[in-house]
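K.L.:
Okay, handing you the structure first.
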Amino acid sequence: MMFSNVWRAACVAIGLCAAGQVLALEPGQPAPALELSGVSAPVGLSKLKGKLVYVDFWASWCGPCKQSFPWMNEMQAKYGARGLQILAVNVDAKRADADSFLASNPASFQIGFDTAGDAPKRYEVKGMPSSVLVGPDGKVIHVHNGFRADERKQLEDAIVAALGGVKQP
Amino acid sequence: MSPLKTHARRVAGLSACLLASAAMTGCAWLSGPQAWEKGNLAKPQMSMGGDPLEQRFQQHISTSKEAASGGYGVGGGGCGCN
């Protein structure tokens, strides 16, 4: 009798360990809090209420992130007036790495810095880059992992579809 | 054998089994670096091979000969597409 209890406890412990690995951010759930230091002033979701926010997690060492910067500049220029704000969260452990990346890849959107890696943990980031589209109501609309040339259209379509829910200024 | 001795032997056997199964997992139970912690792994000097183009060529040949792909480097390291 006692042995079966021990085995049961072991199975529960193993199950709990395994369950921790499969979590992911789902569309419809509220976006986790995101308040970070920016280039000059603090940036965060609380300041962007009512806007469609494209949260992008990037690092200086990540090749596809570099490819995504010109595209994000283009999207910000194209849809900024309609209520889109791109917030690119840098996850480099050293701020200097991010600064040298930004010097050669200028960004016309907001940049946040998270050297501690708390934000990607809260957003359950599974790959680099990762993007999360957050609606004006603060809920997750779309989650995307990676950035490939053939996915630009799909990502832009998701932004355009979500812009329908933004009140025009 | 007294019931107490049998009991002690069972407990010892069970704990030995648990210990052995725990040891077999090695460090695999540690979750490994997260996607945003792979900055050092993404450095070119961390690559197993030399020239990236040559490596890709070899992978391509290997994929066609073995009819299987994957298992190169760290899963999801810096790309997000795998």
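Here, A, B, ... name the chains of the structure tokens in the order displayed, residue numbers run from 1 inside each chain, and ligands are numbered from 1 in the same displayed order.
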So that I can check the secondary structure, give me every residue of chain B assigned alpha helix (DSSP H) by backbone DSSP, as an MDAnalysis selection string.

P.N.:
chainID B and resid 3:24 52:66

K.L.:
Convert the current residue selection to file output with C-alpha atoms, as a compact mmCIF listing (two decimals), in the first residue's frame.

P.N.:
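The resulting file, out_28.txt, is reproduced below:
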# COMPACT_ATOMS: atom_id res chain seq x y z
CA PRO B 3 8.58 -8.78 7.99
CA LEU B 4 10.65 -5.80 9.12
CA LYS B 5 13.68 -6.99 7.15
CA THR B 6 11.55 -7.63 4.02
CA HIS B 7 10.12 -4.15 4.35
CA ALA B 8 13.56 -2.57 4.70
CA ARG B 9 14.81 -4.49 1.68
CA ARG B 10 11.84 -3.31 -0.42
CA VAL B 11 12.39 0.29 0.58
CA ALA B 12 16.08 0.00 -0.28
CA GLY B 13 15.25 -1.60 -3.65
CA LEU B 14 12.71 1.06 -4.50
CA SER B 15 15.00 3.93 -3.58
CA ALA B 16 17.80 2.34 -5.64
CA CYS B 17 15.43 2.17 -8.63
CA LEU B 18 14.38 5.79 -8.21
CA LEU B 19 17.99 6.89 -7.85
CA ALA B 20 19.01 4.94 -10.96
CA SER B 21 16.17 6.38 -13.05
CA ALA B 22 17.00 9.88 -11.81
CA ALA B 23 20.67 9.38 -12.69
CA MET B 24 19.78 8.13 -16.19
CA PRO B 52 28.74 27.68 -42.95
CA LEU B 53 28.18 27.22 -46.69
CA GLU B 54 30.11 23.95 -46.71
CA GLN B 55 28.18 22.77 -43.64
CA ARG B 56 24.90 23.48 -45.39
CA PHE B 57 26.06 21.59 -48.43
CA GLN B 58 27.03 18.60 -46.31
CA GLN B 59 23.71 18.70 -44.48
CA HIS B 60 21.93 18.75 -47.81
CA ILE B 61 23.82 15.66 -49.01
CA SER B 62 23.28 13.91 -45.68
CA THR B 63 19.54 14.70 -45.76
CA SER B 64 19.19 13.20 -49.23
CA LYS B 65 21.26 10.09 -48.44
CA GLU B 66 19.79 9.38 -45.02

K.L.:
Could you list, as a ChimeraX atom specification, every residue within 7 Å of A:Val134, counting only C-alpha atoms and ignoring same-chain residues fewer than 2 positions away?

P.N.:
/A:31,52-54,132,136,138-141

K.L.:
Check the DSSP output for the backbone and give back, as an mmCIF file with C-alpha atoms, in the first residue's frame, the residues of chain A in strand (DSSP E or B).

P.N.:
data_model
loop_
_atom_site.group_PDB
_atom_site.id
_atom_site.type_symbol
_atom_site.label_atom_id
_atom_site.label_comp_id
_atom_site.auth_asym_id
_atom_site.auth_seq_id
_atom_site.Cartn_x
_atom_site.Cartn_y
_atom_site.Cartn_z
ATOM 1 C CA PRO A 30 -4.755 39.281 -21.610
ATOM 2 C CA GLU A 35 6.999 48.026 -18.766
ATOM 3 C CA LEU A 36 10.624 48.558 -19.772
ATOM 4 C CA SER A 37 13.298 51.173 -20.102
ATOM 5 C CA GLY A 38 13.567 52.613 -23.594
ATOM 6 C CA VAL A 43 8.174 52.347 -22.778
ATOM 7 C CA GLY A 44 5.342 49.924 -22.131
ATOM 8 C CA LEU A 52 -2.736 48.067 -31.768
ATOM 9 C CA VAL A 53 0.686 47.058 -30.439
ATOM 10 C CA TYR A 54 3.027 44.729 -32.287
ATOM 11 C CA VAL A 55 5.387 43.460 -29.585
ATOM 12 C CA ASP A 56 8.535 41.971 -31.086
ATOM 13 C CA PHE A 57 11.246 40.159 -29.133
ATOM 14 C CA TRP A 58 14.672 40.473 -30.752
ATOM 15 C CA LEU A 84 -0.326 50.641 -35.034
ATOM 16 C CA GLN A 85 2.626 50.960 -32.682
ATOM 17 C CA ILE A 86 5.551 48.573 -32.922
ATOM 18 C CA LEU A 87 7.364 47.927 -29.644
ATOM 19 C CA ALA A 88 10.537 45.910 -30.173
ATOM 20 C CA VAL A 89 11.876 44.390 -26.954
ATOM 21 C CA ASN A 90 15.589 43.697 -26.926
ATOM 22 C CA GLN A 110 9.739 52.070 -30.015
ATOM 23 C CA ILE A 111 12.525 50.006 -28.484
ATOM 24 C CA GLY A 112 12.488 48.524 -24.999
ATOM 25 C CA PHE A 113 15.413 46.898 -23.216
ATOM 26 C CA SER A 130 8.871 36.230 -31.651
ATOM 27 C CA SER A 131 6.017 38.644 -32.106
ATOM 28 C CA VAL A 132 2.759 39.162 -30.240
ATOM 29 C CA LEU A 133 -0.010 41.369 -31.587
ATOM 30 C CA VAL A 134 -1.827 43.050 -28.692
ATOM 31 C CA LYS A 139 -5.715 41.138 -25.268
ATOM 32 C CA VAL A 140 -3.459 38.940 -27.360
ATOM 33 C CA ILE A 141 -4.648 38.715 -30.988
ATOM 34 C CA HIS A 142 -1.863 36.868 -32.767
ATOM 35 C CA VAL A 143 1.329 35.087 -31.734
ATOM 36 C CA HIS A 144 4.099 34.383 -34.203
ATOM 37 C CA ASN A 145 7.422 32.611 -33.886
#

K.L.:
With a distance threshold of 9 Å and counting only C-alpha atoms, extract the residues of chain A near chain B and express them as a ChimeraX atom specification.

P.N.:
/A:3,10,17,21,57-65,91-93,117,120-121,125-130,145-148

K.L.:
Keeping only N, CA and C atoms, write the selected residues as a PDB file, in the first residue's frame.

P.N.:
ATOM      1  N   PHE A   3       3.895   1.512  -0.932  1.00  0.00           N
ATOM      2  CA  PHE A   3       4.691   1.637  -2.157  1.00  0.00           C
ATOM      3  C   PHE A   3       3.907   2.308  -3.271  1.00  0.00           C
ATOM      4  N   ALA A  10       5.669  10.004  -7.111  1.00  0.00           N
ATOM      5  CA  ALA A  10       6.741  10.164  -8.104  1.00  0.00           C
ATOM      6  C   ALA A  10       6.147  10.516  -9.465  1.00  0.00           C
ATOM      7  N   CYS A  17       6.611  18.326 -13.725  1.00  0.00           N
ATOM      8  CA  CYS A  17       7.808  18.816 -14.413  1.00  0.00           C
ATOM      9  C   CYS A  17       7.534  18.925 -15.899  1.00  0.00           C
ATOM     10  N   GLN A  21       6.612  22.578 -19.352  1.00  0.00           N
ATOM     11  CA  GLN A  21       7.330  22.816 -20.606  1.00  0.00           C
ATOM     12  C   GLN A  21       6.418  23.245 -21.756  1.00  0.00           C
ATOM     13  N   PHE A  57      10.086  40.485 -29.972  1.00  0.00           N
ATOM     14  CA  PHE A  57      11.246  40.159 -29.133  1.00  0.00           C
ATOM     15  C   PHE A  57      12.429  39.871 -30.037  1.00  0.00           C
ATOM     16  N   TRP A  58      13.521  40.615 -29.864  1.00  0.00           N
ATOM     17  CA  TRP A  58      14.672  40.473 -30.752  1.00  0.00           C
ATOM     18  C   TRP A  58      15.976  40.511 -29.961  1.00  0.00           C
ATOM     19  N   ALA A  59      17.038  40.027 -30.614  1.00  0.00           N
ATOM     20  CA  ALA A  59      18.374  40.073 -30.021  1.00  0.00           C
ATOM     21  C   ALA A  59      19.379  40.431 -31.109  1.00  0.00           C
ATOM     22  N   SER A  60      20.482  41.020 -30.703  1.00  0.00           N
ATOM     23  CA  SER A  60      21.481  41.475 -31.676  1.00  0.00           C
ATOM     24  C   SER A  60      22.147  40.309 -32.405  1.00  0.00           C
ATOM     25  N   TRP A  61      22.161  39.122 -31.771  1.00  0.00           N
ATOM     26  CA  TRP A  61      22.850  37.963 -32.339  1.00  0.00           C
ATOM     27  C   TRP A  61      21.957  37.137 -33.259  1.00  0.00           C
ATOM     28  N   CYS A  62      20.725  37.576 -33.451  1.00  0.00           N
ATOM     29  CA  CYS A  62      19.742  36.765 -34.179  1.00  0.00           C
ATOM     30  C   CYS A  62      19.572  37.285 -35.599  1.00  0.00           C
ATOM     31  N   GLY A  63      19.918  36.457 -36.572  1.00  0.00           N
ATOM     32  CA  GLY A  63      19.883  36.849 -37.979  1.00  0.00           C
ATOM     33  C   GLY A  63      18.509  37.265 -38.487  1.00  0.00           C
ATOM     34  N   PRO A  64      17.471  36.448 -38.278  1.00  0.00           N
ATOM     35  CA  PRO A  64      16.143  36.825 -38.766  1.00  0.00           C
ATOM     36  C   PRO A  64      15.632  38.133 -38.142  1.00  0.00           C
ATOM     37  N   CYS A  65      16.123  38.454 -36.920  1.00  0.00           N
ATOM     38  CA  CYS A  65      15.702  39.712 -36.284  1.00  0.00           C
ATOM     39  C   CYS A  65      16.201  40.884 -37.126  1.00  0.00           C
ATOM     40  N   VAL A  91      16.366  41.595 -25.972  1.00  0.00           N
ATOM     41  CA  VAL A  91      16.604  40.648 -24.869  1.00  0.00           C
ATOM     42  C   VAL A  91      18.086  40.341 -24.678  1.00  0.00           C
ATOM     43  N   ASP A  92      18.962  41.167 -25.269  1.00  0.00           N
ATOM     44  CA  ASP A  92      20.399  40.973 -25.076  1.00  0.00           C
ATOM     45  C   ASP A  92      20.757  41.124 -23.603  1.00  0.00           C
ATOM     46  N   ALA A  93      21.724  40.315 -23.149  1.00  0.00           N
ATOM     47  CA  ALA A  93      22.164  40.428 -21.761  1.00  0.00           C
ATOM     48  C   ALA A  93      22.981  41.708 -21.564  1.00  0.00           C
ATOM     49  N   GLY A 117      15.684  39.478 -18.984  1.00  0.00           N
ATOM     50  CA  GLY A 117      14.923  38.400 -19.621  1.00  0.00           C
ATOM     51  C   GLY A 117      13.592  38.103 -18.939  1.00  0.00           C
ATOM     52  N   PRO A 120      10.453  38.230 -21.884  1.00  0.00           N
ATOM     53  CA  PRO A 120      10.266  37.027 -22.716  1.00  0.00           C
ATOM     54  C   PRO A 120       9.784  35.821 -21.910  1.00  0.00           C
ATOM     55  N   LYS A 121      10.150  35.777 -20.630  1.00  0.00           N
ATOM     56  CA  LYS A 121       9.683  34.680 -19.770  1.00  0.00           C
ATOM     57  C   LYS A 121       8.173  34.798 -19.575  1.00  0.00           C
ATOM     58  N   VAL A 125       8.200  33.162 -24.662  1.00  0.00           N
ATOM     59  CA  VAL A 125       8.830  33.186 -25.980  1.00  0.00           C
ATOM     60  C   VAL A 125       9.529  31.854 -26.254  1.00  0.00           C
ATOM     61  N   LYS A 126       9.236  31.269 -27.428  1.00  0.00           N
ATOM     62  CA  LYS A 126       9.785  29.949 -27.759  1.00  0.00           C
ATOM     63  C   LYS A 126      10.909  30.033 -28.786  1.00  0.00           C
ATOM     64  N   GLY A 127      11.037  31.137 -29.492  1.00  0.00           N
ATOM     65  CA  GLY A 127      12.087  31.275 -30.500  1.00  0.00           C
ATOM     66  C   GLY A 127      12.373  32.735 -30.739  1.00  0.00           C
ATOM     67  N   MET A 128      13.469  33.000 -31.428  1.00  0.00           N
ATOM     68  CA  MET A 128      13.843  34.382 -31.717  1.00  0.00           C
ATOM     69  C   MET A 128      13.837  34.596 -33.225  1.00  0.00           C
ATOM     70  N   PRO A 129      13.250  35.651 -33.756  1.00  0.00           N
ATOM     71  CA  PRO A 129      12.398  36.593 -33.031  1.00  0.00           C
ATOM     72  C   PRO A 129      11.004  35.993 -32.807  1.00  0.00           C
ATOM     73  N   SER A 130      10.267  36.600 -31.882  1.00  0.00           N
ATOM     74  CA  SER A 130       8.871  36.230 -31.651  1.00  0.00           C
ATOM     75  C   SER A 130       8.060  37.508 -31.627  1.00  0.00           C
ATOM     76  N   ASN A 145       6.073  33.025 -34.241  1.00  0.00           N
ATOM     77  CA  ASN A 145       7.422  32.611 -33.886  1.00  0.00           C
ATOM     78  C   ASN A 145       8.297  32.642 -35.122  1.00  0.00           C
ATOM     79  N   GLY A 146       9.409  33.380 -35.072  1.00  0.00           N
ATOM     80  CA  GLY A 146      10.327  33.442 -36.208  1.00  0.00           C
ATOM     81  C   GLY A 146       9.984  34.553 -37.179  1.00  0.00           C
ATOM     82  N   PHE A 147      10.860  34.767 -38.157  1.00  0.00           N
ATOM     83  CA  PHE A 147      10.589  35.759 -39.192  1.00  0.00           C
ATOM     84  C   PHE A 147      11.244  35.283 -40.481  1.00  0.00           C
ATOM     85  N   ARG A 148      10.396  34.898 -41.425  1.00  0.00           N
ATOM     86  CA  ARG A 148      10.917  34.440 -42.718  1.00  0.00           C
ATOM     87  C   ARG A 148      10.298  35.289 -43.815  1.00  0.00           C
TER      88      ARG A 148
END

K.L.:
Record the distance separating atom CA of B:Gly50 and atom CA of B:Gly32, expressed in Å with one decimal.

P.N.:
24.7 Å
